[in-house]
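> Take a look at this one; I'll ask things after.
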Amino acid sequence: MIVQNEAAFLGECLASVAGLVDEMVIADTGSTDNTVEIATQAGAKVITVPWEDDFALARNQALAATTGDWVLVLDADERLNILVKDGIQKAIAMDNALVVNLMRHELESNQSPYSLVSRLFRRHPAVQFSRPYHETIDDSVLALLEREPHWQVIDLPGVAILHQGYSPTLLKERGKTQRAKHLLEKAMADSPQDPYLCSKLGALYFSLGDEKEGVKLLKQGLKRNTASIPVRFELHYHLANAYRRQQKWELARKHYQKALDEEILLPLKLGALINYGAFLQDLGELGEAIKVYQAVIHIDPSQAIAFFNLAMIHKAQGNLLEAIKGYQQAIVLQPDYAEAYQNLAVTSFKAGLIQESVDAFQQAIALYEQRQSPEAERLRKNLQEMGLIA
């Protein structure tokens, strides 16, 4: 691991690998909280690494301090899913296994709820990290496979890593967005034609409101036709979202379909499917949207947003009881889903279920208040004007 001021997360992360790892090597890049103390108390070997605006450099220094045959890489805001420990043991026992790709669940992210990360690998002198941001071993692994093709890269089934770091609150609090922009722009200056960098920086620009530059980079990433399949998927997916926001409907449809045609694991397509379903809703193609959301639920029945969006379609079609079921299922999966409570309340009222409607409205108000959203006061005033609450 490489860490800096991770006291809030580190203990839980290290506890998640207990019983699996033989050593814990942590490179601290300048913590001012009690991160180092927590790591030391957990039995970790802590080394100090000066921060030089380069995650790969720091990773390689941590890697050099390891002694095991296999290396597992985690960030402090991640934890290992205990259910995959047996699968990991079996995978690393394979003679020709070089890398075991792990499925990571991006908690609180609907854009891309799952990703596949090369975080478990055999300690081999040729396997090193590259790229100063979104650092990865993938470049060195590809080069090694060309020289020594007997090695295998394995995808471990099931969710192996739970990641909290992409929640909007954490991104804002920890300044991740601005740091990402700085490091990606720095890398882009050195490698302006790199499709991977075009994908990451293009999507980031778009999220920051620089639509013109974002689209330009995403198109640039596709232009040279050298992107790997996962990167090509991301380029098409981000372009589709960009064109959808710009209401360039046919271009958006084209790139959603190209993204979904790529041969990657189905859970990795969930974000694209959810957004494509919303795109079809935008255009009133409700039958096709239903099929897309049903496909999402088939791949991953825990996706609350798919049940919510299906309920929205049923509500629009006047099928109130089916809509109510959908909102209720979304709430079961995500108990703090204020929008689901609000829509459940409206739909229940239309169906004549007045007390159920009031209860759902009050739940929505309470959840909006927790977010400090003005929607809480607006709903309360509406209910008072209707005489439903005092």
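By order in the structure tokens, chains are A, B, ...; within a chain, residues start at 1; ligands start at 1, following the order shown.
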Leaving out segment 131-138 of chain A and any residue of its chain fewer than 6 positions from it, which residues lie within 12 Å of it when counting only C-alpha atoms, given as a ChimeraX atom specification?
/A:2,51-60,63,71,73,98-101,116-125,144-145,153,176-177,179-188,190-191,194,196-197,199-201,228,230
> May I have the selected residues written with N, CA and C atoms, as a compact mmCIF listing (two decimals), in the first residue's frame?

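Result file is again_21.txt:
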```txt
# COMPACT_ATOMS: atom_id res chain seq x y z
N ILE A 2 0.35 2.32 -0.59
CA ILE A 2 0.92 3.65 -0.35
C ILE A 2 -0.17 4.47 0.31
N TRP A 51 6.97 12.17 -1.53
CA TRP A 51 5.97 12.29 -2.59
C TRP A 51 6.51 13.16 -3.72
N GLU A 52 6.52 12.59 -4.94
CA GLU A 52 7.06 13.29 -6.10
C GLU A 52 6.05 13.38 -7.25
N ASP A 53 4.77 13.50 -6.89
CA ASP A 53 3.70 13.63 -7.90
C ASP A 53 3.66 12.44 -8.86
N ASP A 54 3.93 11.25 -8.36
CA ASP A 54 4.01 10.08 -9.23
C ASP A 54 3.62 8.83 -8.43
N PHE A 55 2.39 8.36 -8.64
CA PHE A 55 1.92 7.20 -7.90
C PHE A 55 2.71 5.94 -8.27
N ALA A 56 3.06 5.78 -9.54
CA ALA A 56 3.81 4.59 -9.95
C ALA A 56 5.16 4.52 -9.26
N LEU A 57 5.83 5.66 -9.15
CA LEU A 57 7.12 5.71 -8.48
C LEU A 57 7.00 5.26 -7.03
N ALA A 58 5.96 5.76 -6.34
CA ALA A 58 5.75 5.37 -4.95
C ALA A 58 5.39 3.90 -4.84
N ARG A 59 4.56 3.41 -5.74
CA ARG A 59 4.18 1.99 -5.74
C ARG A 59 5.41 1.10 -5.92
N ASN A 60 6.28 1.47 -6.84
CA ASN A 60 7.46 0.63 -7.11
C ASN A 60 8.41 0.61 -5.92
N LEU A 63 6.83 -1.80 -3.64
CA LEU A 63 6.99 -3.14 -4.21
C LEU A 63 8.39 -3.68 -3.94
N VAL A 71 1.98 -10.53 -4.64
CA VAL A 71 1.74 -9.19 -4.11
C VAL A 71 0.26 -8.83 -4.32
N VAL A 73 -2.29 -5.60 -3.87
CA VAL A 73 -2.24 -4.15 -3.75
C VAL A 73 -3.62 -3.63 -3.35
N LEU A 98 0.32 -15.40 -13.59
CA LEU A 98 1.16 -14.22 -13.41
C LEU A 98 0.38 -13.09 -12.74
N VAL A 99 -0.85 -12.87 -13.21
CA VAL A 99 -1.70 -11.81 -12.67
C VAL A 99 -3.09 -12.37 -12.43
N VAL A 100 -3.69 -12.00 -11.31
CA VAL A 100 -5.09 -12.34 -11.03
C VAL A 100 -5.86 -11.02 -10.96
N ASN A 101 -6.68 -10.78 -11.98
CA ASN A 101 -7.50 -9.56 -11.99
C ASN A 101 -8.65 -9.70 -11.00
N LEU A 116 -12.50 -3.82 -13.16
CA LEU A 116 -11.58 -4.95 -13.07
C LEU A 116 -10.18 -4.40 -12.92
N VAL A 117 -9.50 -4.78 -11.84
CA VAL A 117 -8.19 -4.19 -11.53
C VAL A 117 -7.14 -5.28 -11.36
N SER A 118 -5.95 -5.01 -11.89
CA SER A 118 -4.84 -5.98 -11.83
C SER A 118 -4.06 -5.74 -10.53
N ARG A 119 -4.62 -6.19 -9.42
CA ARG A 119 -4.07 -5.88 -8.11
C ARG A 119 -3.42 -7.06 -7.40
N LEU A 120 -3.43 -8.22 -8.03
CA LEU A 120 -2.80 -9.39 -7.41
C LEU A 120 -1.88 -10.01 -8.45
N PHE A 121 -0.58 -10.06 -8.15
CA PHE A 121 0.36 -10.52 -9.17
C PHE A 121 1.59 -11.18 -8.55
N ARG A 122 2.19 -12.06 -9.35
CA ARG A 122 3.42 -12.73 -8.94
C ARG A 122 4.55 -11.70 -8.89
N ARG A 123 5.36 -11.77 -7.85
CA ARG A 123 6.50 -10.84 -7.76
C ARG A 123 7.56 -11.30 -8.75
N HIS A 124 7.68 -10.54 -9.81
CA HIS A 124 8.58 -10.86 -10.93
C HIS A 124 9.34 -9.58 -11.24
N PRO A 125 10.64 -9.65 -11.47
CA PRO A 125 11.41 -8.41 -11.67
C PRO A 125 10.92 -7.56 -12.84
N LEU A 144 5.96 -8.35 -20.86
CA LEU A 144 6.49 -9.64 -20.39
C LEU A 144 5.83 -10.80 -21.13
N LEU A 145 4.51 -10.70 -21.36
CA LEU A 145 3.80 -11.78 -22.05
C LEU A 145 4.30 -11.96 -23.48
N VAL A 153 -2.91 -14.66 -17.40
CA VAL A 153 -3.63 -13.63 -16.65
C VAL A 153 -5.03 -14.15 -16.41
N LYS A 176 -9.52 14.85 -4.47
CA LYS A 176 -9.04 13.88 -5.46
C LYS A 176 -9.19 14.39 -6.89
N THR A 177 -10.27 15.12 -7.15
CA THR A 177 -10.54 15.55 -8.52
C THR A 177 -9.45 16.49 -9.03
N ARG A 179 -6.41 16.86 -7.85
CA ARG A 179 -5.12 16.14 -7.93
C ARG A 179 -5.07 15.30 -9.20
N ALA A 180 -6.20 14.62 -9.50
CA ALA A 180 -6.25 13.81 -10.72
C ALA A 180 -6.01 14.68 -11.96
N LYS A 181 -6.66 15.83 -12.00
CA LYS A 181 -6.51 16.74 -13.14
C LYS A 181 -5.06 17.15 -13.31
N HIS A 182 -4.42 17.52 -12.22
CA HIS A 182 -3.02 17.96 -12.27
C HIS A 182 -2.11 16.85 -12.80
N LEU A 183 -2.25 15.65 -12.26
CA LEU A 183 -1.34 14.56 -12.63
C LEU A 183 -1.64 14.05 -14.05
N LEU A 184 -2.92 13.99 -14.42
CA LEU A 184 -3.25 13.52 -15.76
C LEU A 184 -2.79 14.50 -16.83
N GLU A 185 -2.93 15.80 -16.56
CA GLU A 185 -2.44 16.79 -17.53
C GLU A 185 -0.93 16.72 -17.68
N LYS A 186 -0.26 16.47 -16.57
CA LYS A 186 1.19 16.33 -16.61
C LYS A 186 1.60 15.12 -17.46
N ALA A 187 0.90 14.00 -17.26
CA ALA A 187 1.19 12.79 -18.04
C ALA A 187 0.83 12.99 -19.51
N MET A 188 -0.26 13.70 -19.76
CA MET A 188 -0.73 13.92 -21.13
C MET A 188 0.28 14.75 -21.93
N ASP A 190 3.39 14.52 -21.77
CA ASP A 190 4.46 13.61 -22.20
C ASP A 190 3.98 12.59 -23.22
N SER A 191 2.68 12.20 -23.14
CA SER A 191 2.14 11.16 -24.04
C SER A 191 0.79 11.59 -24.59
N ASP A 194 -1.82 8.88 -26.02
CA ASP A 194 -2.12 7.68 -25.21
C ASP A 194 -3.63 7.56 -25.04
N TYR A 196 -5.44 5.64 -23.19
CA TYR A 196 -5.81 5.51 -21.78
C TYR A 196 -5.90 6.88 -21.12
N LEU A 197 -4.90 7.72 -21.36
CA LEU A 197 -4.91 9.07 -20.79
C LEU A 197 -6.03 9.90 -21.40
N SER A 199 -8.89 8.81 -22.37
CA SER A 199 -10.12 8.37 -21.73
C SER A 199 -10.29 8.99 -20.35
N LYS A 200 -9.26 8.87 -19.52
CA LYS A 200 -9.35 9.34 -18.14
C LYS A 200 -9.48 10.86 -18.07
N LEU A 201 -8.63 11.57 -18.81
CA LEU A 201 -8.64 13.03 -18.74
C LEU A 201 -9.85 13.60 -19.47
N SER A 228 -6.73 -0.60 -26.06
CA SER A 228 -7.10 -1.95 -25.66
C SER A 228 -8.63 -2.02 -25.54
N PRO A 230 -10.67 -2.80 -22.97
CA PRO A 230 -11.27 -2.07 -21.84
C PRO A 230 -11.22 -0.55 -22.02
```
> DSSP on the backbone: what in segment 19-155 of chain A comes out strand (DSSP E or B), as an MDAnalysis selection string?
chainID A and resid 25:28 45:48 70:72 78:80 97:106 114:122 130 136 152:155
> Export N, CA, C and O atoms of the chosen residues as a short mmCIF file (atom, residue, chain, number, x, y, z; two decimals), in the first residue's frame?

```
data_model
loop_
_atom_site.label_atom_id
_atom_site.label_comp_id
_atom_site.auth_asym_id
_atom_site.auth_seq_id
_atom_site.Cartn_x
_atom_site.Cartn_y
_atom_site.Cartn_z
N VAL A 25 3.33 -4.33 3.71
CA VAL A 25 4.33 -3.30 3.44
C VAL A 25 3.59 -2.02 3.08
O VAL A 25 2.82 -1.99 2.12
N ILE A 26 3.84 -0.98 3.84
CA ILE A 26 3.13 0.28 3.64
C ILE A 26 4.13 1.40 3.43
O ILE A 26 5.00 1.64 4.28
N ALA A 27 3.98 2.09 2.30
CA ALA A 27 4.82 3.25 2.00
C ALA A 27 4.03 4.50 2.37
O ALA A 27 2.99 4.77 1.78
N ASP A 28 4.51 5.23 3.36
CA ASP A 28 3.85 6.47 3.78
C ASP A 28 4.51 7.65 3.09
O ASP A 28 5.73 7.80 3.10
N LYS A 45 5.09 -3.36 8.08
CA LYS A 45 6.40 -2.75 7.89
C LYS A 45 6.16 -1.42 7.17
O LYS A 45 5.61 -1.38 6.07
N VAL A 46 6.54 -0.32 7.80
CA VAL A 46 6.27 1.01 7.24
C VAL A 46 7.57 1.62 6.74
O VAL A 46 8.57 1.68 7.47
N ILE A 47 7.56 2.04 5.47
CA ILE A 47 8.71 2.76 4.91
C ILE A 47 8.25 4.17 4.55
O ILE A 47 7.07 4.39 4.25
N THR A 48 9.14 5.10 4.59
CA THR A 48 8.82 6.49 4.23
C THR A 48 9.29 6.76 2.80
O THR A 48 10.44 6.50 2.46
N TRP A 70 3.87 -13.50 -3.99
CA TRP A 70 2.75 -12.81 -4.61
C TRP A 70 2.50 -11.49 -3.90
O TRP A 70 2.76 -11.36 -2.70
N VAL A 71 1.98 -10.53 -4.64
CA VAL A 71 1.74 -9.19 -4.11
C VAL A 71 0.26 -8.83 -4.32
O VAL A 71 -0.26 -8.93 -5.43
N LEU A 72 -0.40 -8.43 -3.24
CA LEU A 72 -1.76 -7.89 -3.28
C LEU A 72 -1.67 -6.40 -3.02
O LEU A 72 -1.04 -5.97 -2.05
N GLU A 78 -10.18 0.93 0.54
CA GLU A 78 -10.68 -0.34 0.03
C GLU A 78 -10.61 -1.39 1.14
O GLU A 78 -9.87 -1.25 2.10
N ARG A 79 -11.37 -2.43 0.95
CA ARG A 79 -11.22 -3.60 1.84
C ARG A 79 -11.46 -4.86 1.02
O ARG A 79 -12.23 -4.85 0.04
N LEU A 80 -10.81 -5.93 1.43
CA LEU A 80 -10.94 -7.20 0.72
C LEU A 80 -12.21 -7.90 1.17
O LEU A 80 -12.52 -7.95 2.36
N ALA A 97 0.29 -18.88 -13.40
CA ALA A 97 -0.45 -17.64 -13.15
C ALA A 97 0.52 -16.49 -12.89
O ALA A 97 1.44 -16.61 -12.07
N LEU A 98 0.32 -15.40 -13.59
CA LEU A 98 1.16 -14.22 -13.41
C LEU A 98 0.38 -13.09 -12.74
O LEU A 98 0.87 -12.44 -11.82
N VAL A 99 -0.85 -12.87 -13.21
CA VAL A 99 -1.70 -11.81 -12.67
C VAL A 99 -3.09 -12.37 -12.43
O VAL A 99 -3.61 -13.14 -13.25
N VAL A 100 -3.69 -12.00 -11.31
CA VAL A 100 -5.09 -12.34 -11.03
C VAL A 100 -5.86 -11.02 -10.96
O VAL A 100 -5.67 -10.24 -10.03
N ASN A 101 -6.68 -10.78 -11.98
CA ASN A 101 -7.50 -9.56 -11.99
C ASN A 101 -8.65 -9.70 -11.00
O ASN A 101 -9.31 -10.74 -10.95
N LEU A 102 -8.89 -8.65 -10.23
CA LEU A 102 -9.91 -8.68 -9.18
C LEU A 102 -11.04 -7.72 -9.53
O LEU A 102 -10.80 -6.59 -9.97
N MET A 103 -12.27 -8.16 -9.30
CA MET A 103 -13.44 -7.30 -9.50
C MET A 103 -13.58 -6.37 -8.30
O MET A 103 -13.57 -6.80 -7.16
N ARG A 104 -13.70 -5.07 -8.59
CA ARG A 104 -13.84 -4.08 -7.53
C ARG A 104 -15.21 -3.42 -7.63
O ARG A 104 -15.63 -3.00 -8.70
N HIS A 105 -15.90 -3.37 -6.50
CA HIS A 105 -17.21 -2.71 -6.44
C HIS A 105 -17.00 -1.27 -6.01
O HIS A 105 -16.49 -0.99 -4.92
N GLU A 106 -17.37 -0.35 -6.90
CA GLU A 106 -17.24 1.07 -6.62
C GLU A 106 -18.49 1.52 -5.86
O GLU A 106 -19.51 1.85 -6.46
N TYR A 114 -18.77 -1.29 -11.21
CA TYR A 114 -17.74 -2.33 -11.08
C TYR A 114 -16.57 -2.02 -12.01
O TYR A 114 -16.75 -1.46 -13.09
N SER A 115 -15.39 -2.40 -11.57
CA SER A 115 -14.21 -2.29 -12.43
C SER A 115 -13.34 -3.53 -12.20
O SER A 115 -13.46 -4.22 -11.19
N LEU A 116 -12.50 -3.82 -13.16
CA LEU A 116 -11.58 -4.95 -13.07
C LEU A 116 -10.18 -4.40 -12.92
O LEU A 116 -9.73 -3.60 -13.75
N VAL A 117 -9.50 -4.78 -11.84
CA VAL A 117 -8.19 -4.19 -11.53
C VAL A 117 -7.14 -5.28 -11.36
O VAL A 117 -7.37 -6.32 -10.77
N SER A 118 -5.95 -5.01 -11.89
CA SER A 118 -4.84 -5.98 -11.83
C SER A 118 -4.06 -5.74 -10.53
O SER A 118 -2.98 -5.19 -10.55
N ARG A 119 -4.62 -6.19 -9.42
CA ARG A 119 -4.07 -5.88 -8.11
C ARG A 119 -3.42 -7.06 -7.40
O ARG A 119 -2.96 -6.93 -6.28
N LEU A 120 -3.43 -8.22 -8.03
CA LEU A 120 -2.80 -9.39 -7.41
C LEU A 120 -1.88 -10.01 -8.45
O LEU A 120 -2.33 -10.42 -9.52
N PHE A 121 -0.58 -10.06 -8.15
CA PHE A 121 0.36 -10.52 -9.17
C PHE A 121 1.59 -11.18 -8.55
O PHE A 121 1.96 -10.91 -7.41
N ARG A 122 2.19 -12.06 -9.35
CA ARG A 122 3.42 -12.73 -8.94
C ARG A 122 4.55 -11.70 -8.89
O ARG A 122 4.69 -10.87 -9.79
N SER A 130 3.62 1.58 -13.87
CA SER A 130 3.89 2.74 -14.73
C SER A 130 2.67 3.65 -14.67
O SER A 130 1.61 3.26 -14.19
N THR A 136 -0.56 1.49 -12.96
CA THR A 136 -0.93 0.12 -13.29
C THR A 136 0.30 -0.70 -13.64
O THR A 136 1.32 -0.16 -14.09
N GLN A 152 0.02 -16.71 -17.55
CA GLN A 152 -1.43 -16.54 -17.71
C GLN A 152 -1.93 -15.37 -16.86
O GLN A 152 -1.44 -15.14 -15.75
N VAL A 153 -2.91 -14.66 -17.40
CA VAL A 153 -3.63 -13.63 -16.65
C VAL A 153 -5.03 -14.15 -16.41
O VAL A 153 -5.73 -14.53 -17.34
N ILE A 154 -5.44 -14.19 -15.14
CA ILE A 154 -6.70 -14.83 -14.73
C ILE A 154 -7.66 -13.77 -14.20
O ILE A 154 -7.25 -12.85 -13.49
N ASP A 155 -8.94 -13.90 -14.52
CA ASP A 155 -9.98 -13.06 -13.92
C ASP A 155 -10.65 -13.84 -12.81
O ASP A 155 -11.24 -14.90 -13.05
#
```
> Could you jot down the atom CA of Leu379 of chain A to atom CA of Gln342 of chain A separation for me, Å, one decimal place?
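That distance, rounded to one decimal, is 8.9 Å.
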> Set the distance at 12 Å and use only C-alpha atoms: which residues neighbour Tyr327 of chain A once local chain neighbours fewer than 4 positions away are removed? I'd like the list as a PyMOL selection string.
chain A and resi 304-315+320-323+331-335+337-348+360
> Those same residues, written as a short mmCIF file (atom, residue, chain, number, x, y, z; two decimals), in the first residue's frame with N, CA and C atoms?

```
data_model
loop_
_atom_site.label_atom_id
_atom_site.label_comp_id
_atom_site.auth_asym_id
_atom_site.auth_seq_id
_atom_site.Cartn_x
_atom_site.Cartn_y
_atom_site.Cartn_z
N ALA A 304 -30.08 -0.82 -7.19
CA ALA A 304 -31.32 -0.12 -6.81
C ALA A 304 -31.80 0.82 -7.91
N ILE A 305 -30.87 1.46 -8.61
CA ILE A 305 -31.27 2.43 -9.63
C ILE A 305 -32.03 1.78 -10.77
N ALA A 306 -31.77 0.51 -11.05
CA ALA A 306 -32.49 -0.17 -12.12
C ALA A 306 -33.96 -0.37 -11.71
N PHE A 307 -34.20 -0.77 -10.45
CA PHE A 307 -35.58 -0.91 -9.98
C PHE A 307 -36.28 0.46 -9.94
N PHE A 308 -35.53 1.48 -9.53
CA PHE A 308 -36.10 2.84 -9.48
C PHE A 308 -36.51 3.29 -10.88
N ASN A 309 -35.63 3.12 -11.86
CA ASN A 309 -35.94 3.58 -13.21
C ASN A 309 -37.06 2.76 -13.85
N LEU A 310 -37.11 1.46 -13.55
CA LEU A 310 -38.23 0.65 -14.02
C LEU A 310 -39.54 1.16 -13.43
N ALA A 311 -39.50 1.51 -12.14
CA ALA A 311 -40.70 2.04 -11.48
C ALA A 311 -41.14 3.35 -12.13
N MET A 312 -40.18 4.19 -12.51
CA MET A 312 -40.51 5.45 -13.19
C MET A 312 -41.24 5.18 -14.50
N ILE A 313 -40.80 4.15 -15.22
CA ILE A 313 -41.47 3.81 -16.48
C ILE A 313 -42.88 3.31 -16.21
N HIS A 314 -43.02 2.40 -15.22
CA HIS A 314 -44.36 1.89 -14.89
C HIS A 314 -45.30 3.02 -14.48
N LYS A 315 -44.76 3.97 -13.72
CA LYS A 315 -45.57 5.13 -13.29
C LYS A 315 -46.01 5.94 -14.51
N LEU A 320 -49.57 1.82 -11.66
CA LEU A 320 -49.15 2.35 -10.37
C LEU A 320 -48.70 1.26 -9.39
N LEU A 321 -49.37 0.13 -9.38
CA LEU A 321 -49.00 -0.92 -8.42
C LEU A 321 -47.63 -1.50 -8.74
N GLU A 322 -47.32 -1.67 -10.02
CA GLU A 322 -45.98 -2.14 -10.40
C GLU A 322 -44.93 -1.10 -10.06
N ALA A 323 -45.28 0.17 -10.24
CA ALA A 323 -44.35 1.25 -9.89
C ALA A 323 -44.06 1.23 -8.39
N ILE A 331 -35.81 0.79 -2.38
CA ILE A 331 -35.59 1.21 -0.99
C ILE A 331 -35.01 0.07 -0.16
N VAL A 332 -35.47 -1.15 -0.39
CA VAL A 332 -34.89 -2.31 0.31
C VAL A 332 -33.39 -2.39 0.04
N LEU A 333 -33.02 -2.17 -1.22
CA LEU A 333 -31.61 -2.26 -1.61
C LEU A 333 -30.80 -1.05 -1.16
N GLN A 334 -31.46 0.11 -1.08
CA GLN A 334 -30.76 1.35 -0.71
C GLN A 334 -31.66 2.16 0.24
N PRO A 335 -31.59 1.88 1.53
CA PRO A 335 -32.53 2.48 2.49
C PRO A 335 -32.48 4.00 2.58
N TYR A 337 -32.45 6.06 0.00
CA TYR A 337 -32.79 6.51 -1.34
C TYR A 337 -33.96 7.49 -1.25
N ALA A 338 -33.65 8.75 -1.01
CA ALA A 338 -34.69 9.77 -0.80
C ALA A 338 -35.61 9.91 -2.01
N GLU A 339 -35.02 9.88 -3.21
CA GLU A 339 -35.83 10.04 -4.42
C GLU A 339 -36.83 8.89 -4.58
N ALA A 340 -36.43 7.68 -4.15
CA ALA A 340 -37.35 6.54 -4.23
C ALA A 340 -38.51 6.72 -3.27
N TYR A 341 -38.22 7.18 -2.05
CA TYR A 341 -39.29 7.46 -1.09
C TYR A 341 -40.24 8.54 -1.62
N GLN A 342 -39.67 9.59 -2.22
CA GLN A 342 -40.49 10.69 -2.73
C GLN A 342 -41.41 10.21 -3.85
N ASN A 343 -40.87 9.43 -4.78
CA ASN A 343 -41.69 8.93 -5.88
C ASN A 343 -42.68 7.87 -5.41
N LEU A 344 -42.28 7.08 -4.41
CA LEU A 344 -43.21 6.13 -3.81
C LEU A 344 -44.40 6.87 -3.20
N ALA A 345 -44.11 7.99 -2.54
CA ALA A 345 -45.16 8.79 -1.92
C ALA A 345 -46.14 9.33 -2.96
N VAL A 346 -45.61 9.89 -4.03
CA VAL A 346 -46.46 10.46 -5.08
C VAL A 346 -47.32 9.37 -5.71
N THR A 347 -46.69 8.23 -6.01
CA THR A 347 -47.41 7.13 -6.68
C THR A 347 -48.47 6.54 -5.75
N SER A 348 -48.13 6.38 -4.48
CA SER A 348 -49.10 5.85 -3.51
C SER A 348 -50.29 6.78 -3.39
N ALA A 360 -44.31 7.75 3.42
CA ALA A 360 -43.18 7.81 2.48
C ALA A 360 -42.67 9.24 2.32
#
```
> Pick the closest to Asp336 of chain A from A:Gln362, A:Gln128, A:Thr40, A:Gln370: which is it, counting only C-alpha atoms?
A:Gln370
> What's the separation between atom CA of Arg244 of chain A and atom CA of Ala330 of chain A, in Å to one decimal place?
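Answer for the atom CA of Arg244 of chain A to atom CA of Ala330 of chain A separation: 25.0 Å.
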